[in-house]
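Asker: So that you have it, the file is structure_28.cif, and it contains mmCIF, C-alpha atoms and all ligand atoms:
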```cif
data_coords
#
loop_
_atom_site.label_atom_id
_atom_site.label_comp_id
_atom_site.auth_asym_id
_atom_site.auth_seq_id
_atom_site.Cartn_x
_atom_site.Cartn_y
_atom_site.Cartn_z
CA MET A 1 33.26 53.09 74.57
CA ARG A 2 36.27 54.57 72.80
CA ARG A 3 39.71 53.11 73.47
CA ALA A 4 43.23 53.39 72.10
CA ALA A 5 43.39 50.64 69.48
CA VAL A 6 45.79 49.13 66.99
CA LEU A 7 44.58 50.48 63.63
CA GLY A 8 47.14 48.68 61.47
CA THR A 9 50.31 46.56 61.70
CA GLY A 10 53.42 46.08 59.57
CA SER A 11 56.78 44.38 59.77
CA CYS A 12 60.07 44.18 57.91
CA LEU A 13 62.65 41.40 58.08
CA PRO A 14 66.10 41.51 56.52
CA GLU A 15 66.68 39.31 53.46
CA ARG A 16 69.60 37.31 54.78
CA LEU A 17 68.85 34.06 56.61
CA LEU A 18 71.37 32.66 59.08
CA THR A 19 70.84 28.94 59.70
CA ASN A 20 71.92 26.73 62.59
CA ALA A 21 74.12 24.83 60.12
CA GLU A 22 76.02 28.06 59.39
CA LEU A 23 76.41 28.71 63.13
CA GLU A 24 77.99 25.25 63.47
CA GLN A 25 80.82 26.62 61.32
CA MET A 26 81.24 29.70 63.51
CA VAL A 27 81.15 28.42 67.13
CA GLU A 28 81.19 25.09 68.99
CA THR A 29 77.49 24.26 68.68
CA SER A 30 75.07 22.03 66.80
CA ASP A 31 71.73 22.36 65.04
CA GLU A 32 70.45 19.68 67.44
CA TRP A 33 71.45 21.67 70.58
CA ILE A 34 70.05 24.97 69.29
CA THR A 35 66.77 23.44 68.14
CA ALA A 36 66.24 21.38 71.30
CA ARG A 37 67.20 24.17 73.77
CA THR A 38 65.70 27.17 72.01
CA GLY A 39 63.42 26.09 69.14
CA ILE A 40 65.30 28.50 66.85
CA ARG A 41 66.12 27.25 63.34
CA THR A 42 66.89 30.45 61.45
CA ARG A 43 67.27 34.15 62.19
CA ARG A 44 67.56 37.19 59.88
CA ILE A 45 70.70 39.31 59.69
CA ALA A 46 70.60 42.94 58.49
CA GLY A 47 72.71 43.97 55.52
CA GLU A 48 74.25 47.30 54.50
CA ASN A 49 70.97 48.87 53.43
CA GLU A 50 68.98 47.40 56.26
CA GLN A 51 70.00 49.67 59.12
CA ASN A 52 67.78 49.68 62.18
CA TYR A 53 65.92 52.86 61.15
CA GLN A 54 65.46 51.56 57.59
CA LEU A 55 63.82 48.34 58.81
CA ALA A 56 61.75 50.44 61.26
CA ALA A 57 60.66 52.85 58.52
CA GLN A 58 59.63 50.03 56.19
CA ALA A 59 57.60 48.34 58.96
CA ALA A 60 56.03 51.75 59.69
CA ARG A 61 55.05 52.31 56.02
CA ARG A 62 53.35 48.89 55.98
CA ALA A 63 51.50 49.64 59.22
CA LEU A 64 50.36 53.02 57.82
CA ASP A 65 49.09 51.31 54.66
CA ALA A 66 47.21 48.71 56.69
CA ALA A 67 45.68 51.42 58.90
CA GLU A 68 44.95 53.67 55.89
CA VAL A 69 46.60 56.52 57.75
CA ARG A 70 48.94 59.02 56.06
CA ALA A 71 52.37 59.74 57.55
CA GLU A 72 51.39 63.43 57.95
CA GLU A 73 48.58 62.38 60.31
CA ILE A 74 51.04 60.86 62.81
CA GLY A 75 51.54 62.97 65.94
CA LEU A 76 54.08 60.82 67.76
CA ILE A 77 56.64 58.16 66.80
CA ILE A 78 58.02 55.86 69.48
CA VAL A 79 60.79 53.43 68.55
CA ALA A 80 61.54 50.76 71.14
CA THR A 81 65.09 49.58 70.58
CA ILE A 82 68.34 48.61 72.29
CA SER A 83 70.30 48.70 69.04
CA PRO A 84 69.69 52.20 67.62
CA HIS A 85 71.49 53.29 64.48
CA MET A 86 73.17 56.07 66.48
CA LEU A 87 72.93 57.12 70.11
CA VAL A 88 71.91 60.64 69.02
CA PRO A 89 69.76 61.33 67.11
CA SER A 90 67.19 58.75 68.06
CA CYS A 91 66.08 56.03 65.69
CA ALA A 92 62.60 57.58 65.90
CA CYS A 93 63.90 60.86 64.40
CA PHE A 94 65.48 58.95 61.52
CA VAL A 95 62.16 57.16 60.95
CA GLN A 96 60.27 60.46 61.04
CA THR A 97 62.29 61.88 58.17
CA GLU A 98 62.35 58.58 56.21
CA ILE A 99 58.55 58.31 56.14
CA GLY A 100 57.81 62.05 55.99
CA ALA A 101 55.88 62.32 59.26
CA ALA A 102 56.66 66.03 59.51
CA LYS A 103 54.08 66.80 62.21
CA ALA A 104 55.22 64.09 64.63
CA PHE A 105 57.48 64.39 67.63
CA ALA A 106 59.68 61.35 68.02
CA PHE A 107 61.71 59.54 70.64
CA ASP A 108 63.30 56.16 71.40
CA LEU A 109 62.38 54.03 74.36
CA ASN A 110 64.68 51.52 76.04
CA ALA A 111 62.98 48.74 77.96
CA ALA A 112 64.88 45.94 76.19
CA CYS A 113 62.56 43.12 75.08
CA SER A 114 59.61 44.80 76.83
CA GLY A 115 60.13 48.03 74.88
CA PHE A 116 57.26 47.54 72.46
CA LEU A 117 54.79 46.80 75.26
CA TYR A 118 55.96 49.88 77.20
CA GLY A 119 55.67 51.90 73.96
CA LEU A 120 52.11 50.74 73.31
CA ASP A 121 51.20 51.68 76.86
CA VAL A 122 52.67 55.19 76.44
CA ALA A 123 50.83 55.53 73.10
CA ALA A 124 47.55 54.49 74.73
CA LYS A 125 47.96 57.27 77.32
CA TYR A 126 48.57 59.93 74.63
CA VAL A 127 45.55 58.74 72.66
CA ALA A 128 43.41 58.75 75.82
CA ALA A 129 44.48 62.38 76.42
CA ASP A 130 43.81 63.38 72.80
CA PRO A 131 41.49 61.14 70.73
CA ASN A 132 42.71 62.79 67.52
CA MET A 133 46.29 61.71 68.19
CA LYS A 134 47.74 58.94 66.01
CA VAL A 135 50.89 57.24 67.22
CA LEU A 136 53.37 54.97 65.45
CA VAL A 137 54.81 52.44 67.88
CA ILE A 138 57.73 50.52 66.44
CA GLY A 139 59.96 47.79 67.84
CA SER A 140 63.14 47.56 65.78
CA GLU A 141 66.47 45.83 66.34
CA THR A 142 69.72 45.07 64.56
CA LEU A 143 71.07 42.90 67.36
CA SER A 144 73.51 41.17 65.01
CA ALA A 145 75.72 44.23 65.63
CA ARG A 146 75.41 43.79 69.43
CA VAL A 147 76.24 40.10 69.61
CA ASP A 148 79.66 38.60 70.24
CA TRP A 149 79.88 36.14 67.35
CA GLU A 150 82.46 34.14 69.34
CA ASP A 151 80.09 33.59 72.30
CA ARG A 152 77.94 30.51 71.70
CA ASN A 153 75.82 31.32 74.75
CA THR A 154 74.33 34.35 73.04
CA CYS A 155 75.12 34.47 69.31
CA ILE A 156 72.75 31.63 68.43
CA LEU A 157 69.78 33.40 70.02
CA PHE A 158 69.33 36.81 68.49
CA GLY A 159 68.07 38.13 65.16
CA ASP A 160 67.25 41.39 63.36
CA GLY A 161 63.90 42.82 62.29
CA ALA A 162 61.20 45.42 62.91
CA GLY A 163 57.47 45.54 63.59
CA ALA A 164 55.13 48.51 63.83
CA CYS A 165 51.60 49.50 64.85
CA VAL A 166 49.52 52.59 64.22
CA VAL A 167 47.61 53.39 67.39
CA GLY A 168 44.56 55.66 67.45
CA SER A 169 41.17 56.05 69.06
CA ALA A 170 38.47 53.52 68.06
CA GLU A 171 34.94 52.66 69.16
CA GLY A 172 34.29 49.37 70.93
CA ARG A 173 37.75 47.84 70.72
CA GLY A 174 41.34 48.48 71.74
CA ILE A 175 43.59 48.34 74.79
CA ILE A 176 41.65 47.27 77.89
CA GLY A 177 44.45 47.20 80.42
CA SER A 178 48.13 46.60 81.08
CA ARG A 179 50.53 45.73 83.89
CA LEU A 180 54.14 46.90 83.57
CA TYR A 181 56.99 46.12 85.96
CA SER A 182 60.74 46.68 86.37
CA ASP A 183 63.43 45.44 88.76
CA GLY A 184 66.75 47.21 88.35
CA SER A 185 68.41 45.16 91.08
CA LEU A 186 68.82 42.30 88.60
CA TRP A 187 70.45 44.45 85.92
CA ASN A 188 73.62 42.37 85.66
CA LEU A 189 71.85 39.19 84.50
CA LEU A 190 71.19 40.70 81.08
CA CYS A 191 73.11 43.77 80.03
CA MET A 192 75.19 45.68 77.49
CA ASP A 193 77.74 48.17 78.86
CA SER A 194 78.02 50.56 75.96
CA PRO A 195 76.40 51.07 72.62
CA ALA A 196 78.08 49.52 69.61
CA SER A 197 77.95 51.32 66.31
CA ARG A 198 77.15 50.42 62.74
CA ASN A 199 79.70 53.02 61.65
CA PRO A 200 82.77 50.98 60.65
CA ASP A 201 85.04 53.82 61.80
CA LEU A 202 83.71 53.51 65.34
CA ILE A 203 83.48 49.74 65.82
CA ALA A 204 85.69 48.53 68.66
CA PRO A 205 85.91 44.76 68.20
CA ALA A 206 88.05 44.27 71.31
CA SER A 207 85.45 45.85 73.58
CA LYS A 208 83.29 42.96 74.76
CA GLY A 209 81.28 45.44 76.83
CA CYS A 210 79.40 46.58 73.75
CA PHE A 211 77.96 43.08 73.31
CA ILE A 212 74.94 41.50 74.98
CA GLN A 213 75.91 39.59 78.10
CA MET A 214 73.38 37.21 79.60
CA ALA A 215 73.14 34.69 82.42
CA GLY A 216 70.79 32.55 80.32
CA ARG A 217 69.65 30.00 82.89
CA ASP A 218 68.76 32.66 85.51
CA VAL A 219 67.02 34.84 82.94
CA PHE A 220 65.01 31.82 81.79
CA LYS A 221 63.63 31.18 85.29
CA TYR A 222 62.75 34.81 85.97
CA ALA A 223 61.20 35.20 82.51
CA VAL A 224 58.74 32.36 82.94
CA ARG A 225 57.65 33.35 86.47
CA ALA A 226 57.48 37.07 85.72
CA MET A 227 55.35 36.67 82.59
CA GLU A 228 53.09 34.20 84.36
CA ASN A 229 52.54 36.68 87.21
CA ALA A 230 52.03 39.62 84.84
CA VAL A 231 49.37 37.70 82.91
CA THR A 232 47.67 36.31 86.03
CA ASP A 233 47.56 39.77 87.68
CA LEU A 234 45.99 41.29 84.59
CA LEU A 235 43.43 38.51 84.15
CA THR A 236 42.45 38.79 87.82
CA GLN A 237 42.14 42.57 87.53
CA GLN A 238 39.91 42.17 84.47
CA GLN A 239 37.94 39.27 85.99
CA LEU A 240 38.81 37.02 83.07
CA SER A 241 40.27 33.52 82.80
CA ILE A 242 42.85 32.22 80.37
CA GLN A 243 40.05 30.46 78.42
CA ASP A 244 38.61 33.89 77.56
CA ILE A 245 41.75 34.74 75.58
CA ALA A 246 41.75 33.97 71.85
CA LEU A 247 45.47 34.52 71.30
CA ILE A 248 48.52 35.12 73.50
CA ILE A 249 51.57 36.72 71.89
CA PRO A 250 54.51 36.47 74.28
CA HIS A 251 57.96 37.87 73.63
CA GLN A 252 59.68 35.32 71.41
CA ALA A 253 62.89 34.32 73.21
CA ASN A 254 62.85 30.55 73.48
CA ILE A 255 60.27 27.87 72.66
CA ARG A 256 60.86 26.28 76.08
CA ILE A 257 59.91 29.56 77.79
CA LEU A 258 56.69 29.67 75.74
CA ASP A 259 55.88 26.01 76.51
CA ASN A 260 56.56 26.52 80.21
CA LEU A 261 54.45 29.66 80.27
CA ALA A 262 51.55 27.94 78.50
CA GLU A 263 51.66 25.06 80.96
CA ARG A 264 51.72 27.34 84.04
CA LEU A 265 48.86 29.44 82.67
CA GLY A 266 46.80 26.39 81.69
CA ALA A 267 46.71 27.66 78.09
CA GLN A 268 46.27 25.42 75.05
CA PRO A 269 49.24 25.37 72.64
CA SER A 270 46.89 26.76 69.96
CA GLN A 271 46.39 29.90 72.09
CA ILE A 272 50.11 30.78 72.01
CA PHE A 273 51.59 32.43 68.93
CA CYS A 274 55.11 31.28 68.13
CA ASN A 275 57.52 32.27 65.34
CA VAL A 276 60.79 32.06 67.30
CA ASP A 277 61.84 29.18 65.01
CA LYS A 278 62.09 31.61 62.06
CA TYR A 279 63.46 34.82 63.57
CA GLY A 280 65.10 33.96 66.91
CA ASN A 281 64.94 36.58 69.65
CA THR A 282 64.48 40.02 68.07
CA SER A 283 64.10 41.77 71.45
CA ALA A 284 61.78 44.81 71.18
CA ALA A 285 60.77 43.77 67.65
CA SER A 286 59.54 40.29 68.53
CA ILE A 287 55.99 41.12 69.67
CA PRO A 288 55.12 43.55 66.82
CA ILE A 289 56.56 41.17 64.20
CA ALA A 290 54.51 38.32 65.69
CA LEU A 291 51.42 40.53 65.92
CA ASP A 292 51.75 41.51 62.25
CA GLU A 293 52.12 37.85 61.24
CA ALA A 294 49.12 36.86 63.36
CA VAL A 295 47.02 39.58 61.68
CA ARG A 296 48.15 38.63 58.17
CA GLU A 297 47.56 34.92 58.86
CA GLY A 298 43.97 35.71 59.90
CA ARG A 299 44.53 34.55 63.49
CA LEU A 300 42.69 37.56 64.96
CA HIS A 301 39.02 38.40 64.51
CA ARG A 302 36.94 41.38 65.59
CA GLY A 303 36.01 40.98 69.27
CA ASP A 304 38.84 38.53 70.08
CA LYS A 305 40.70 39.08 73.34
CA LEU A 306 44.43 39.35 72.66
CA LEU A 307 47.06 39.11 75.38
CA LEU A 308 50.63 40.37 74.94
CA CYS A 309 53.37 39.65 77.49
CA SER A 310 57.08 40.30 77.63
CA PHE A 311 60.25 39.96 79.64
CA GLY A 312 63.65 41.56 79.09
CA GLY A 313 66.80 43.20 80.40
CA GLY A 314 66.44 45.64 83.26
CA PHE A 315 64.63 43.51 84.26
CA THR A 316 61.48 44.79 82.58
CA TRP A 317 58.30 42.82 82.05
CA GLY A 318 54.58 43.21 81.60
CA SER A 319 51.31 42.21 80.03
CA MET A 320 48.60 43.93 78.00
CA LEU A 321 45.03 42.95 77.16
CA LEU A 322 43.34 44.16 73.98
CA GLU A 323 39.99 43.60 72.37
CA TRP A 324 40.65 43.23 68.64
O1 LIG B 401 65.01 38.21 75.52
C1 LIG B 401 65.27 38.47 76.85
C2 LIG B 401 65.17 37.31 77.66
N1 LIG B 401 66.13 36.28 77.29
C3 LIG B 401 65.76 35.05 77.45
O2 LIG B 401 64.63 34.83 77.79
C4 LIG B 401 66.77 33.94 77.30
C5 LIG B 401 66.58 32.98 78.44
N2 LIG B 401 67.50 31.86 78.44
C6 LIG B 401 67.50 30.86 77.54
O3 LIG B 401 66.79 30.90 76.57
C7 LIG B 401 68.36 29.67 77.80
O4 LIG B 401 68.87 29.74 79.12
C8 LIG B 401 69.56 29.52 76.82
C9 LIG B 401 69.03 29.07 75.47
C10 LIG B 401 70.31 30.81 76.70
C11 LIG B 401 70.51 28.41 77.32
O5 LIG B 401 69.80 27.20 77.49
P1 LIG B 401 69.96 26.38 78.85
O6 LIG B 401 69.19 25.15 78.68
O7 LIG B 401 69.61 27.29 79.98
O8 LIG B 401 71.50 26.00 78.83
P2 LIG B 401 72.62 26.38 79.87
O9 LIG B 401 73.00 27.83 79.76
O10 LIG B 401 72.24 25.86 81.20
O11 LIG B 401 73.83 25.53 79.31
C12 LIG B 401 73.79 24.08 79.27
C13 LIG B 401 75.06 23.60 78.61
C14 LIG B 401 76.33 24.24 79.16
O12 LIG B 401 77.33 23.24 79.18
P3 LIG B 401 77.70 22.48 80.57
O13 LIG B 401 78.11 23.58 81.51
O14 LIG B 401 76.44 21.82 80.99
O15 LIG B 401 78.78 21.56 80.13
C15 LIG B 401 76.68 25.29 78.13
O16 LIG B 401 78.05 25.58 78.07
O17 LIG B 401 75.02 23.91 77.21
C16 LIG B 401 76.23 24.60 76.85
N3 LIG B 401 75.93 25.53 75.78
C17 LIG B 401 75.93 25.19 74.48
N4 LIG B 401 76.20 24.03 73.85
C18 LIG B 401 76.09 24.00 72.53
C19 LIG B 401 75.59 26.84 75.89
N5 LIG B 401 75.37 27.36 74.66
C20 LIG B 401 75.57 26.35 73.78
C21 LIG B 401 75.50 26.26 72.37
N6 LIG B 401 75.76 25.06 71.79
N7 LIG B 401 75.16 27.30 71.60
#
```
Would you put the structure from the file into structure tokens?
Answerer:
Amino acid sequence: MRRAAVLGTGSCLPERLLTNAELEQMVETSDEWITARTGIRTRRIAGENEQNYQLAAQAARRALDAAEVRAEEIGLIIVATISPHMLVPSCACFVQTEIGAAKAFAFDLNAACSGFLYGLDVAAKYVAADPNMKVLVIGSETLSARVDWEDRNTCILFGDGAGACVVGSAEGRGIIGSRLYSDGSLWNLLCMDSPASRNPDLIAPASKGCFIQMAGRDVFKYAVRAMENAVTDLLTQQQLSIQDIALIIPHQANIRILDNLAERLGAQPSQIFCNVDKYGNTSAASIPIALDEAVREGRLHRGDKLLLCSFGGGFTWGSMLLEW
């Protein structure tokens, strides 16, 4: 049976590391608090030549190489992001021209930290409609520009980076199913009023509305329950149990969320992929970066069942099951 499958993965992280020790110099916090409450030790911060679309394009080139697909073969580029380089044009259009994917149409998708999962689901539908279609799905963020560096509740959490997948039709493997959800009534628990800009002429430092605002404790509780339900619903639908899953890649927001989720699902710690210690919360980029690392570390083998799950602003959440 042919399915939409991940043909190759890539990622790109900025050079600059920001440590908890450095954050101690910036806000009233400690390495001990950050490590114990979040599991985060370092995060990457984008520099001048590491704009969102540049990180996205580099991740895309690596995914194309891994998939052995040429940029001209790509029919669609989806960039999931909440920190685009500009509001218009989309980050996806910048990526298109950077990598030379002249035949692709391109658009951005905003589903916050669930953006990559939503993007993969959209890609799967295009591939199902046209088996010759090849889609680049990218999650890319430069959240360092969207964080209030005076707010210790948020600035310790987020990081920059990009991850990408080439999706195309394959025999005997690929995306088996997905469950996606949204609840706009809870919008104010995690939000950003207006887009910030990387253009120094347009930055409005006094406008706190362009920064991420989050009611962390509430988001935490919803995140754990929502991801648990999304995974359980999908497993029930597919008549599988958690023991059938080789690897679970959840959105990387907080080690305590991952531990809680694993416990509620009855999953072994070895089943859950975690790199939040290195990169913090990279929103839409977290799952594709983690997926690329899992692939490069040899954690996935042909025939393995892979489960992705996410939770983010909106609220948006979901799960996806793939056969690798
Ligand atoms: O990616 C989208 C989804 N986002 C998430 O999933 C994030 C979910 N939330 C979280 O990860 C956690 O709620 C946080 C890491 C944001 C916060 O951890 P928490 O254990 O929920 O702490 P809290 O917000 O309940 O705050 C506990 C205390 C407070 O002090 P009081 O009121 O108890 O005196 C905070 O002011 O910790 C204080 N605090 C800090 N202390 C040192 C908050 N931030 C810091 C900090 N350093 N950076």
Asker: What is the atom CA of A:Ala164 to atom CA of A:Lys305 distance in Å?
Answerer: 19.7 Å
Asker: Leaving out A:Arg43 and any residue of its chain fewer than 3 positions from it, which residues lie within 10 Å of it when counting all atoms listed in the file, given as a list of chain:residue names?
Answerer: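 Listing them by chain and then by number gives A:Leu13, A:Pro14, A:Arg16, A:Leu17, A:Leu18, A:Thr19, A:Asn20, A:Ile40, A:Ser144, A:Ile156, A:Leu157, A:Phe158, A:Gly159, A:Asp160, A:Gly161, A:Val276, A:Asp277, A:Lys278, A:Tyr279, A:Gly280, A:Asn281, A:Thr282.
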Asker: Find, counting all atoms listed in the file, the residue in A:Ile34, A:Leu117, A:Ala267, A:Ile248 that gets nearest to A:Ser283.
Answerer: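 Between A:Ile34, A:Leu117, A:Ala267, A:Ile248, the residue approaching A:Ser283 most closely is A:Leu117.
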Asker: Around ligand LIG 401 (chain B), at most 8 Å away and counting only C-alpha atoms and all ligand atoms, which residues are there? Put them as a PDB file with C-alpha atoms, keeping the file's coordinate frame, please.
Answerer:
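Output file result-v9.pdb is given in full below:
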```
ATOM      1  CA  VAL A  27      81.150  28.420  67.130  1.00  0.00           C
ATOM      2  CA  GLU A  28      81.190  25.090  68.990  1.00  0.00           C
ATOM      3  CA  THR A  29      77.490  24.260  68.680  1.00  0.00           C
ATOM      4  CA  SER A  30      75.070  22.030  66.800  1.00  0.00           C
ATOM      5  CA  TRP A  33      71.450  21.670  70.580  1.00  0.00           C
ATOM      6  CA  ILE A  34      70.050  24.970  69.290  1.00  0.00           C
ATOM      7  CA  ARG A  37      67.200  24.170  73.770  1.00  0.00           C
ATOM      8  CA  THR A  38      65.700  27.170  72.010  1.00  0.00           C
ATOM      9  CA  ALA A 112      64.880  45.940  76.190  1.00  0.00           C
ATOM     10  CA  CYS A 113      62.560  43.120  75.080  1.00  0.00           C
ATOM     11  CA  ARG A 152      77.940  30.510  71.700  1.00  0.00           C
ATOM     12  CA  ASN A 153      75.820  31.320  74.750  1.00  0.00           C
ATOM     13  CA  THR A 154      74.330  34.350  73.040  1.00  0.00           C
ATOM     14  CA  CYS A 155      75.120  34.470  69.310  1.00  0.00           C
ATOM     15  CA  ILE A 156      72.750  31.630  68.430  1.00  0.00           C
ATOM     16  CA  LEU A 157      69.780  33.400  70.020  1.00  0.00           C
ATOM     17  CA  LEU A 190      71.190  40.700  81.080  1.00  0.00           C
ATOM     18  CA  MET A 214      73.380  37.210  79.600  1.00  0.00           C
ATOM     19  CA  ALA A 215      73.140  34.690  82.420  1.00  0.00           C
ATOM     20  CA  GLY A 216      70.790  32.550  80.320  1.00  0.00           C
ATOM     21  CA  ARG A 217      69.650  30.000  82.890  1.00  0.00           C
ATOM     22  CA  ASP A 218      68.760  32.660  85.510  1.00  0.00           C
ATOM     23  CA  VAL A 219      67.020  34.840  82.940  1.00  0.00           C
ATOM     24  CA  PHE A 220      65.010  31.820  81.790  1.00  0.00           C
ATOM     25  CA  LYS A 221      63.630  31.180  85.290  1.00  0.00           C
ATOM     26  CA  ALA A 223      61.200  35.200  82.510  1.00  0.00           C
ATOM     27  CA  HIS A 251      57.960  37.870  73.630  1.00  0.00           C
ATOM     28  CA  GLN A 252      59.680  35.320  71.410  1.00  0.00           C
ATOM     29  CA  ALA A 253      62.890  34.320  73.210  1.00  0.00           C
ATOM     30  CA  ASN A 254      62.850  30.550  73.480  1.00  0.00           C
ATOM     31  CA  ARG A 256      60.860  26.280  76.080  1.00  0.00           C
ATOM     32  CA  ILE A 257      59.910  29.560  77.790  1.00  0.00           C
ATOM     33  CA  ASN A 281      64.940  36.580  69.650  1.00  0.00           C
ATOM     34  CA  THR A 282      64.480  40.020  68.070  1.00  0.00           C
ATOM     35  CA  SER A 283      64.100  41.770  71.450  1.00  0.00           C
ATOM     36  CA  PHE A 311      60.250  39.960  79.640  1.00  0.00           C
ATOM     37  CA  GLY A 312      63.650  41.560  79.090  1.00  0.00           C
ATOM     38  CA  GLY A 313      66.800  43.200  80.400  1.00  0.00           C
TER      39      GLY A 313
END
```
Asker: List the spatial neighbours of A:Ala230 as a VMD selection string - criterion: any atom at most 7 Å away, all atoms listed in the file, same-chain residues fewer than 6 positions off excluded.
Answerer: chain A and resid 179 318 to 319
